[in-house]
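Remarks on the structure that follows.
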Amino acid sequence: ITTMLEDYNYILEDLKEHSHFRNIKNFEGKDEKYIHFKGKKLLNLSSNNYLGFADNKNITELFLNCAGNKYSFGSASARLLTGTLPIYKELENLITELYNTDMTLLFNSGYHANVGINSTIASRGDVIFSDKLNHASIIDGMQLSKAKFFRYLHNDMENLEKLLIKERKNFKNAVIVSESVFSMDGDIADLKKLVELKQKYNCILILDEAHAFGVFGKTGLGVCEDLGIINDVDLIVGTFGKAIGSTGAFATGKKTLVEYLINKARSFIFSTALPPINIAFSKWIIENQLPKSYEKRMQMLNLGRNAGSESHIIPVIIGGNKETVDICEVLFHNGYFTLPIRPPTVPEGTSRLRLSLTTEINEKELFDAISLAKQTK
């Protein structure tokens, strides 16, 4: 055992030496704009709390006044056992109605959703075509599946089509999977082309709208709503843990696929359901707060575009791990909270600051931070 632990210690020391080591930070508190850390009040530029609903005391108070004591703080069971109460179906039906899809299934997190979907929908004799920069949860799901998978060059539709021409005929079912807004680059996939290729080569199209749900679209349904292609996508994945400020996720789309997930997706079948109070909070936010957010959402997206991104996620590429860590330290001492994004989250040599906007951050705050980071670099 001692020898084994020495091996792990060696790996940990190597991570430290190459500025790869990660630790859990102990925050003193946070709200919709600031985070309190090491005795300092810092502008939070590393949050997915895009609309400021999480950690918002007014929002929490309003919800609890509505909820009263109707919802418990534990489900104590998986959904397929005794873990389904009316509020779960109410939220699923609400999502189905908003998207005008066949059916919706809740998952405990975006990770649960992507692992469950991508390990289940394609099996032995099938194939998955995945964008090379898709989230780790999608990659993990593919690796757990018995299907063959290919990773096409990031947002390169020509490369994807070449793979489809070469490989599609060799497999029974084929899946194309992509994020809509990519979590580390903030760029947007060519969704209309993905729909075209899905139809041309008889594939199932799965889109992860985790960073777009609640932000893009007239009613906040994502990039698919913006482009008018919701009904051309077989499964849309969204999360409640980012813009909605809650927890959990959903997959909505074709009834056959959703029912297949209920029966086959292990991350759904074998997980204790989220507490009813969380499900109720997600539903309440979507019904009561999201409709009021349009103007602020558009201002946030315009600010991101002014900073050179396609979305509210702005990458500032630094390159080396140590340099990125050092710049975060400089920003910390100047009142900004940023985190170094390093491999394996991003490719080697592309370590970066990932600046996430919220509706509370203004233009001066953002550009002062970017300017300081670039000067330090």
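Ligands are numbered from 1 in the order shown, residues from 1 within each chain, and chains are lettered A, B, ... in the order they appear in the structure tokens.
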Quiz item: Do you know which residues are at most 10 Å from A:Tyr88 counting only C-alpha atoms, after dropping those on the same chain fewer than 3 positions away, and could you put them as a PyMOL selection string?
Solution: chain A and resi 79+83-85+91-94+105-106+273-276+278-280+283
Selection above as a file: N, CA, C and O atoms, as a short mmCIF file (atom, residue, chain, number, x, y, z; two decimals), in the first residue's frame:
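As a result, selection16.cif now contains:
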```cif
data_model
loop_
_atom_site.label_atom_id
_atom_site.label_comp_id
_atom_site.auth_asym_id
_atom_site.auth_seq_id
_atom_site.Cartn_x
_atom_site.Cartn_y
_atom_site.Cartn_z
N ARG A 79 -35.97 7.82 -9.51
CA ARG A 79 -37.26 8.15 -10.14
C ARG A 79 -38.10 6.92 -10.43
O ARG A 79 -39.33 6.96 -10.33
N GLY A 83 -39.23 7.86 -6.39
CA GLY A 83 -38.64 9.19 -6.46
C GLY A 83 -39.34 10.18 -7.37
O GLY A 83 -38.77 11.22 -7.69
N THR A 84 -40.54 9.87 -7.81
CA THR A 84 -41.27 10.81 -8.67
C THR A 84 -42.53 11.31 -7.97
O THR A 84 -43.40 10.53 -7.61
N LEU A 85 -42.57 12.62 -7.77
CA LEU A 85 -43.75 13.30 -7.25
C LEU A 85 -44.30 14.21 -8.35
O LEU A 85 -43.63 14.43 -9.36
N LEU A 91 -42.44 19.86 -14.15
CA LEU A 91 -41.28 20.50 -14.78
C LEU A 91 -41.00 19.87 -16.14
O LEU A 91 -40.72 20.59 -17.12
N GLU A 92 -41.08 18.56 -16.23
CA GLU A 92 -40.87 17.90 -17.53
C GLU A 92 -41.90 18.35 -18.55
O GLU A 92 -41.56 18.64 -19.71
N ASN A 93 -43.15 18.45 -18.12
CA ASN A 93 -44.20 18.90 -19.04
C ASN A 93 -44.01 20.35 -19.46
O ASN A 93 -44.29 20.72 -20.60
N LEU A 94 -43.53 21.17 -18.53
CA LEU A 94 -43.26 22.57 -18.86
C LEU A 94 -42.18 22.68 -19.93
O LEU A 94 -42.35 23.44 -20.91
N LEU A 105 -37.05 14.43 -20.17
CA LEU A 105 -36.60 13.64 -19.03
C LEU A 105 -35.61 14.47 -18.22
O LEU A 105 -34.67 15.04 -18.77
N LEU A 106 -35.81 14.52 -16.90
CA LEU A 106 -34.89 15.22 -16.01
C LEU A 106 -33.72 14.33 -15.63
O LEU A 106 -33.88 13.12 -15.44
N ALA A 273 -33.20 10.63 -7.09
CA ALA A 273 -33.71 11.85 -7.72
C ALA A 273 -33.34 13.08 -6.90
O ALA A 273 -33.15 13.02 -5.69
N LEU A 274 -33.22 14.21 -7.59
CA LEU A 274 -32.96 15.47 -6.90
C LEU A 274 -34.11 15.78 -5.93
O LEU A 274 -35.25 15.35 -6.13
N PRO A 275 -33.83 16.55 -4.87
CA PRO A 275 -34.89 16.91 -3.92
C PRO A 275 -36.02 17.68 -4.60
O PRO A 275 -35.77 18.52 -5.48
N PRO A 276 -37.25 17.43 -4.20
CA PRO A 276 -38.40 18.14 -4.80
C PRO A 276 -38.27 19.67 -4.71
O PRO A 276 -38.70 20.38 -5.62
N ASN A 278 -35.65 21.50 -5.08
CA ASN A 278 -34.83 21.97 -6.19
C ASN A 278 -35.58 21.95 -7.51
O ASN A 278 -35.44 22.85 -8.34
N ILE A 279 -36.36 20.90 -7.70
CA ILE A 279 -37.17 20.79 -8.92
C ILE A 279 -38.18 21.94 -8.97
O ILE A 279 -38.37 22.59 -10.01
N ALA A 280 -38.80 22.22 -7.83
CA ALA A 280 -39.78 23.30 -7.75
C ALA A 280 -39.12 24.66 -8.01
O ALA A 280 -39.71 25.52 -8.67
N LYS A 283 -38.48 25.10 -11.77
CA LYS A 283 -39.75 25.40 -12.45
C LYS A 283 -40.19 26.83 -12.18
O LYS A 283 -40.61 27.55 -13.10
#
```
Residues of stretch 95-143 of chain A at most 9 Å from stretch 161-173 of chain A: nearest atom pair and distance in Å, only C-alpha atoms, as JSON lines:
```
{"residue": "A:Ala122", "atom": "CA", "partner": "A:Asn173", "partner_atom": "CA", "distance": 7.0}
{"residue": "A:Ser123", "atom": "CA", "partner": "A:Asn173", "partner_atom": "CA", "distance": 8.5}
{"residue": "A:Gly125", "atom": "CA", "partner": "A:Phe171", "partner_atom": "CA", "distance": 5.6}
{"residue": "A:Asp126", "atom": "CA", "partner": "A:Asn173", "partner_atom": "CA", "distance": 4.8}
{"residue": "A:Val127", "atom": "CA", "partner": "A:Phe171", "partner_atom": "CA", "distance": 6.2}
{"residue": "A:Ile128", "atom": "CA", "partner": "A:Asn173", "partner_atom": "CA", "distance": 8.6}
{"residue": "A:Phe129", "atom": "CA", "partner": "A:Leu164", "partner_atom": "CA", "distance": 8.2}
```
Quiz item: Could you pull out the alpha helix (DSSP H) residues of stretch 121-300 of chain A from DSSP and send them as a PyMOL selection string?
Solution: chain A and resi 136-144+157-167+191-200+223-227+255-264+266-269+276-284+294-300
Self-check item: Polymer residues at most 10 Å from stretch 52-59 of chain A, only C-alpha atoms, same-chain spacing of 5 or more positions, as a ChimeraX atom specification
Solution: /A:29-33,47,64-65,241-247,281,285,289-290,358-360
Could the residues in this selection be written to a file with N, CA, C and O atoms, as a short mmCIF file (atom, residue, chain, number, x, y, z; two decimals), in the first residue's frame?
```cif
data_model
loop_
_atom_site.label_atom_id
_atom_site.label_comp_id
_atom_site.auth_asym_id
_atom_site.auth_seq_id
_atom_site.Cartn_x
_atom_site.Cartn_y
_atom_site.Cartn_z
N GLY A 29 -18.13 33.49 0.93
CA GLY A 29 -19.49 33.82 0.51
C GLY A 29 -19.50 34.33 -0.91
O GLY A 29 -18.45 34.62 -1.48
N LYS A 30 -20.69 34.40 -1.50
CA LYS A 30 -20.81 34.94 -2.86
C LYS A 30 -22.24 35.41 -3.08
O LYS A 30 -23.17 35.01 -2.37
N ASP A 31 -22.38 36.28 -4.08
CA ASP A 31 -23.72 36.70 -4.50
C ASP A 31 -23.74 36.72 -6.03
O ASP A 31 -22.89 36.11 -6.67
N GLU A 32 -24.70 37.45 -6.61
CA GLU A 32 -24.84 37.39 -8.07
C GLU A 32 -23.72 38.11 -8.81
O GLU A 32 -23.62 37.99 -10.02
N LYS A 33 -22.84 38.82 -8.11
CA LYS A 33 -21.78 39.56 -8.79
C LYS A 33 -20.40 39.36 -8.16
O LYS A 33 -19.40 39.28 -8.88
N SER A 47 -17.97 32.54 -12.99
CA SER A 47 -19.23 31.91 -12.59
C SER A 47 -20.09 31.56 -13.80
O SER A 47 -20.03 32.23 -14.83
N LEU A 64 -39.30 30.97 -1.69
CA LEU A 64 -39.72 30.28 -0.46
C LEU A 64 -41.08 30.77 0.02
O LEU A 64 -41.87 30.01 0.58
N ASN A 65 -41.38 32.04 -0.23
CA ASN A 65 -42.71 32.57 0.11
C ASN A 65 -43.79 31.88 -0.71
O ASN A 65 -44.91 31.64 -0.23
N GLY A 241 -28.36 24.33 -13.77
CA GLY A 241 -27.31 24.73 -12.85
C GLY A 241 -26.49 25.92 -13.30
O GLY A 241 -25.55 26.31 -12.62
N LYS A 242 -26.83 26.50 -14.44
CA LYS A 242 -26.07 27.65 -14.95
C LYS A 242 -26.97 28.88 -14.95
O LYS A 242 -27.16 29.51 -13.92
N ALA A 243 -27.55 29.24 -16.09
CA ALA A 243 -28.36 30.45 -16.16
C ALA A 243 -29.56 30.42 -15.21
O ALA A 243 -29.97 31.45 -14.67
N ILE A 244 -30.13 29.24 -14.99
CA ILE A 244 -31.33 29.14 -14.16
C ILE A 244 -30.99 29.28 -12.68
O ILE A 244 -31.83 29.60 -11.86
N GLY A 245 -29.72 29.02 -12.32
CA GLY A 245 -29.29 29.23 -10.94
C GLY A 245 -29.75 28.15 -9.98
O GLY A 245 -29.76 28.35 -8.76
N SER A 246 -30.11 26.99 -10.50
CA SER A 246 -30.61 25.89 -9.67
C SER A 246 -29.68 24.69 -9.81
O SER A 246 -28.46 24.86 -9.81
N THR A 247 -30.23 23.51 -9.96
CA THR A 247 -29.42 22.32 -10.17
C THR A 247 -30.23 21.31 -10.97
O THR A 247 -31.46 21.32 -10.95
N PHE A 281 -37.90 24.84 -7.50
CA PHE A 281 -37.19 26.10 -7.72
C PHE A 281 -36.88 26.31 -9.20
O PHE A 281 -37.09 27.40 -9.74
N ILE A 285 -38.32 29.46 -11.38
CA ILE A 285 -37.43 30.40 -12.08
C ILE A 285 -37.83 30.50 -13.55
O ILE A 285 -37.94 31.60 -14.12
N GLN A 289 -39.19 34.13 -13.51
CA GLN A 289 -38.05 35.04 -13.60
C GLN A 289 -37.44 35.10 -15.00
O GLN A 289 -37.06 36.18 -15.47
N LEU A 290 -37.33 33.96 -15.66
CA LEU A 290 -36.73 33.93 -16.99
C LEU A 290 -37.45 34.85 -17.98
O LEU A 290 -36.77 35.57 -18.75
N THR A 358 -21.93 37.80 -16.29
CA THR A 358 -23.28 37.74 -15.74
C THR A 358 -23.96 39.05 -16.11
O THR A 358 -23.29 40.00 -16.54
N THR A 359 -25.24 39.10 -15.94
CA THR A 359 -25.98 40.31 -16.33
C THR A 359 -25.62 41.51 -15.45
O THR A 359 -25.98 42.64 -15.79
N GLU A 360 -24.92 41.27 -14.34
CA GLU A 360 -24.56 42.35 -13.43
C GLU A 360 -23.23 43.00 -13.77
O GLU A 360 -22.89 44.07 -13.25
#
```
Quiz item: So which residues touch stretch 218-223 of chain A within 9 Å, counting only C-alpha atoms, skipping near sequence neighbours fewer than 6 positions away, as JSON, numbers by chain?
Solution: {"A": [98, 99, 180, 181, 188, 191, 209, 210, 211, 212, 229, 230, 238, 290, 291, 293, 294, 297]}
Self-check item: Residue contacts of A:His135 (9 Å, only C-alpha atoms) excluding same-chain residues fewer than 4 positions away, as a count of residues only
Solution: 9
Quiz item: If we count only C-alpha atoms, what is near A:Ser356 at a cut-off of 12 Å, once residues fewer than 3 positions away on the same chain are taken out, given as a VMD selection string?
Solution: chain A and resid 33 43 to 52 183 to 186 211 242 to 243 300 to 301 303 to 304 307 309 311 to 316 337 to 339 353 359 to 361 366 369 to 370
Could you save those same residues with C-alpha atoms as a short mmCIF file (atom, residue, chain, number, x, y, z; two decimals), in the first residue's frame?
```
data_model
loop_
_atom_site.label_atom_id
_atom_site.label_comp_id
_atom_site.auth_asym_id
_atom_site.auth_seq_id
_atom_site.Cartn_x
_atom_site.Cartn_y
_atom_site.Cartn_z
CA LYS A 33 -21.78 39.56 -8.79
CA LEU A 43 -15.63 40.65 -9.02
CA ASN A 44 -16.56 37.09 -9.96
CA LEU A 45 -15.53 36.43 -13.58
CA SER A 46 -15.57 32.64 -13.26
CA SER A 47 -19.23 31.91 -12.59
CA ASN A 48 -21.92 30.20 -14.65
CA ASN A 49 -24.52 32.22 -12.72
CA TYR A 50 -25.27 34.10 -15.93
CA LEU A 51 -28.57 35.70 -14.89
CA GLY A 52 -27.70 36.20 -11.22
CA SER A 183 -17.92 26.06 -22.71
CA MET A 184 -14.23 26.99 -22.97
CA ASP A 185 -14.13 29.02 -26.20
CA GLY A 186 -17.51 30.73 -26.16
CA HIS A 211 -24.39 27.27 -21.75
CA LYS A 242 -26.07 27.65 -14.95
CA ALA A 243 -28.36 30.45 -16.16
CA MET A 300 -24.85 40.60 -21.67
CA LEU A 301 -24.48 38.92 -25.07
CA LEU A 303 -20.99 42.90 -24.15
CA GLY A 304 -19.46 39.50 -24.88
CA ALA A 307 -15.08 41.74 -26.28
CA SER A 309 -16.55 36.48 -28.41
CA SER A 311 -21.31 34.68 -26.60
CA HIS A 312 -21.11 35.57 -22.91
CA ILE A 313 -18.02 33.36 -22.48
CA ILE A 314 -14.77 35.14 -23.33
CA PRO A 315 -11.52 33.17 -23.56
CA VAL A 316 -8.26 35.04 -22.94
CA PHE A 337 -11.64 36.44 -9.30
CA THR A 338 -10.59 34.35 -12.29
CA LEU A 339 -9.51 30.74 -12.53
CA LEU A 353 -8.64 32.69 -18.49
CA THR A 359 -25.98 40.31 -16.33
CA GLU A 360 -24.56 42.35 -13.43
CA ILE A 361 -21.09 42.90 -14.94
CA LEU A 366 -14.84 43.54 -18.07
CA ALA A 369 -9.86 42.95 -16.35
CA ILE A 370 -8.98 41.97 -19.94
#
```
Practice problem: Can you pull out every residue within 12 Å of stretch 254-261 of chain A, counting only C-alpha atoms, but drop anything in the same chain fewer than 4 positions away, and send it as JSON, numbers by chain? | Solution: {"A": [92, 96, 99, 100, 101, 102, 103, 104, 105, 106, 107, 112, 113, 114, 115, 116, 117, 118, 119, 120, 121, 122, 204, 205, 206, 230, 231, 232, 233, 234, 235, 236, 237, 250, 265, 266, 267, 268, 269]}
Quiz prompt | Atom-to-atom span, atom CA of A:Lys132 and atom CA of A:Phe150, Å | solution = 8.7 Å
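The space between atom CA of A:Ser77 and atom CA of A:Trp284 spans 22.9 Å.
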Practice problem: Could you give me the residues within stretch 224-350 of chain A that DSSP places in strand (DSSP E), as JSON, numbers by chain? | Solution: {"A": [235, 236, 237, 238, 239, 249, 250, 251, 252, 253, 313, 314, 315, 316, 317, 318, 319, 336, 337, 340, 341]}
Please produce an output containing N, CA, C and O atoms for each residue in the selection, written as a short mmCIF file (atom, residue, chain, number, x, y, z; two decimals), in the first residue's frame.
```cif
data_model
loop_
_atom_site.label_atom_id
_atom_site.label_comp_id
_atom_site.auth_asym_id
_atom_site.auth_seq_id
_atom_site.Cartn_x
_atom_site.Cartn_y
_atom_site.Cartn_z
N LEU A 235 -32.47 15.37 -29.93
CA LEU A 235 -32.41 15.55 -28.48
C LEU A 235 -31.68 16.85 -28.16
O LEU A 235 -30.57 17.07 -28.66
N ILE A 236 -32.29 17.68 -27.35
CA ILE A 236 -31.64 18.89 -26.85
C ILE A 236 -31.40 18.70 -25.36
O ILE A 236 -32.31 18.31 -24.62
N VAL A 237 -30.18 18.96 -24.95
CA VAL A 237 -29.81 18.86 -23.53
C VAL A 237 -29.66 20.27 -22.98
O VAL A 237 -29.05 21.14 -23.61
N GLY A 238 -30.22 20.49 -21.81
CA GLY A 238 -30.05 21.77 -21.14
C GLY A 238 -29.83 21.55 -19.66
O GLY A 238 -30.15 20.49 -19.12
N THR A 239 -29.26 22.55 -18.98
CA THR A 239 -29.03 22.42 -17.55
C THR A 239 -29.75 23.53 -16.79
O THR A 239 -29.97 24.62 -17.31
N ALA A 249 -30.68 18.87 -14.81
CA ALA A 249 -30.60 19.01 -16.26
C ALA A 249 -31.79 18.31 -16.89
O ALA A 249 -32.58 17.64 -16.21
N PHE A 250 -31.89 18.45 -18.22
CA PHE A 250 -32.98 17.78 -18.93
C PHE A 250 -32.53 17.39 -20.33
O PHE A 250 -31.58 17.96 -20.88
N ALA A 251 -33.22 16.41 -20.88
CA ALA A 251 -33.12 16.08 -22.30
C ALA A 251 -34.53 16.12 -22.85
O ALA A 251 -35.45 15.52 -22.28
N THR A 252 -34.71 16.85 -23.95
CA THR A 252 -36.05 16.96 -24.54
C THR A 252 -35.96 16.68 -26.03
O THR A 252 -34.98 17.03 -26.68
N GLY A 253 -36.98 16.01 -26.57
CA GLY A 253 -36.94 15.69 -27.99
C GLY A 253 -37.88 14.57 -28.36
O GLY A 253 -39.01 14.50 -27.86
N ILE A 313 -19.23 34.01 -22.96
CA ILE A 313 -18.02 33.36 -22.48
C ILE A 313 -16.85 33.88 -23.31
O ILE A 313 -16.84 33.75 -24.54
N ILE A 314 -15.87 34.46 -22.63
CA ILE A 314 -14.77 35.14 -23.33
C ILE A 314 -13.45 34.48 -22.95
O ILE A 314 -12.99 34.60 -21.80
N PRO A 315 -12.82 33.77 -23.88
CA PRO A 315 -11.52 33.17 -23.56
C PRO A 315 -10.38 34.17 -23.76
O PRO A 315 -10.37 34.91 -24.75
N VAL A 316 -9.48 34.24 -22.79
CA VAL A 316 -8.26 35.04 -22.94
C VAL A 316 -7.10 34.03 -22.92
O VAL A 316 -6.70 33.56 -21.86
N ILE A 317 -6.63 33.66 -24.11
CA ILE A 317 -5.62 32.61 -24.23
C ILE A 317 -4.27 33.14 -23.75
O ILE A 317 -3.79 34.17 -24.23
N ILE A 318 -3.66 32.41 -22.83
CA ILE A 318 -2.34 32.79 -22.31
C ILE A 318 -1.26 31.85 -22.86
O ILE A 318 -0.23 32.29 -23.33
N GLY A 319 -1.52 30.56 -22.84
CA GLY A 319 -0.58 29.58 -23.39
C GLY A 319 -0.07 28.62 -22.34
O GLY A 319 -0.55 27.50 -22.20
N TYR A 336 -10.20 41.00 -8.90
CA TYR A 336 -10.93 40.13 -9.84
C TYR A 336 -10.70 38.66 -9.47
O TYR A 336 -9.58 38.25 -9.21
N PHE A 337 -11.80 37.88 -9.51
CA PHE A 337 -11.64 36.44 -9.30
C PHE A 337 -11.73 35.72 -10.64
O PHE A 337 -12.77 35.73 -11.30
N PRO A 340 -7.54 29.72 -13.57
CA PRO A 340 -6.75 29.25 -14.71
C PRO A 340 -7.37 27.98 -15.29
O PRO A 340 -7.58 27.01 -14.58
N ILE A 341 -7.67 28.01 -16.57
CA ILE A 341 -8.20 26.82 -17.25
C ILE A 341 -7.03 26.15 -17.98
O ILE A 341 -6.43 26.73 -18.87
#
```
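The closest residue to A:Phe63, picked from A:Ala373, A:Leu357, A:Ile262, A:Ile286 and counting only C-alpha atoms, is A:Ile286.
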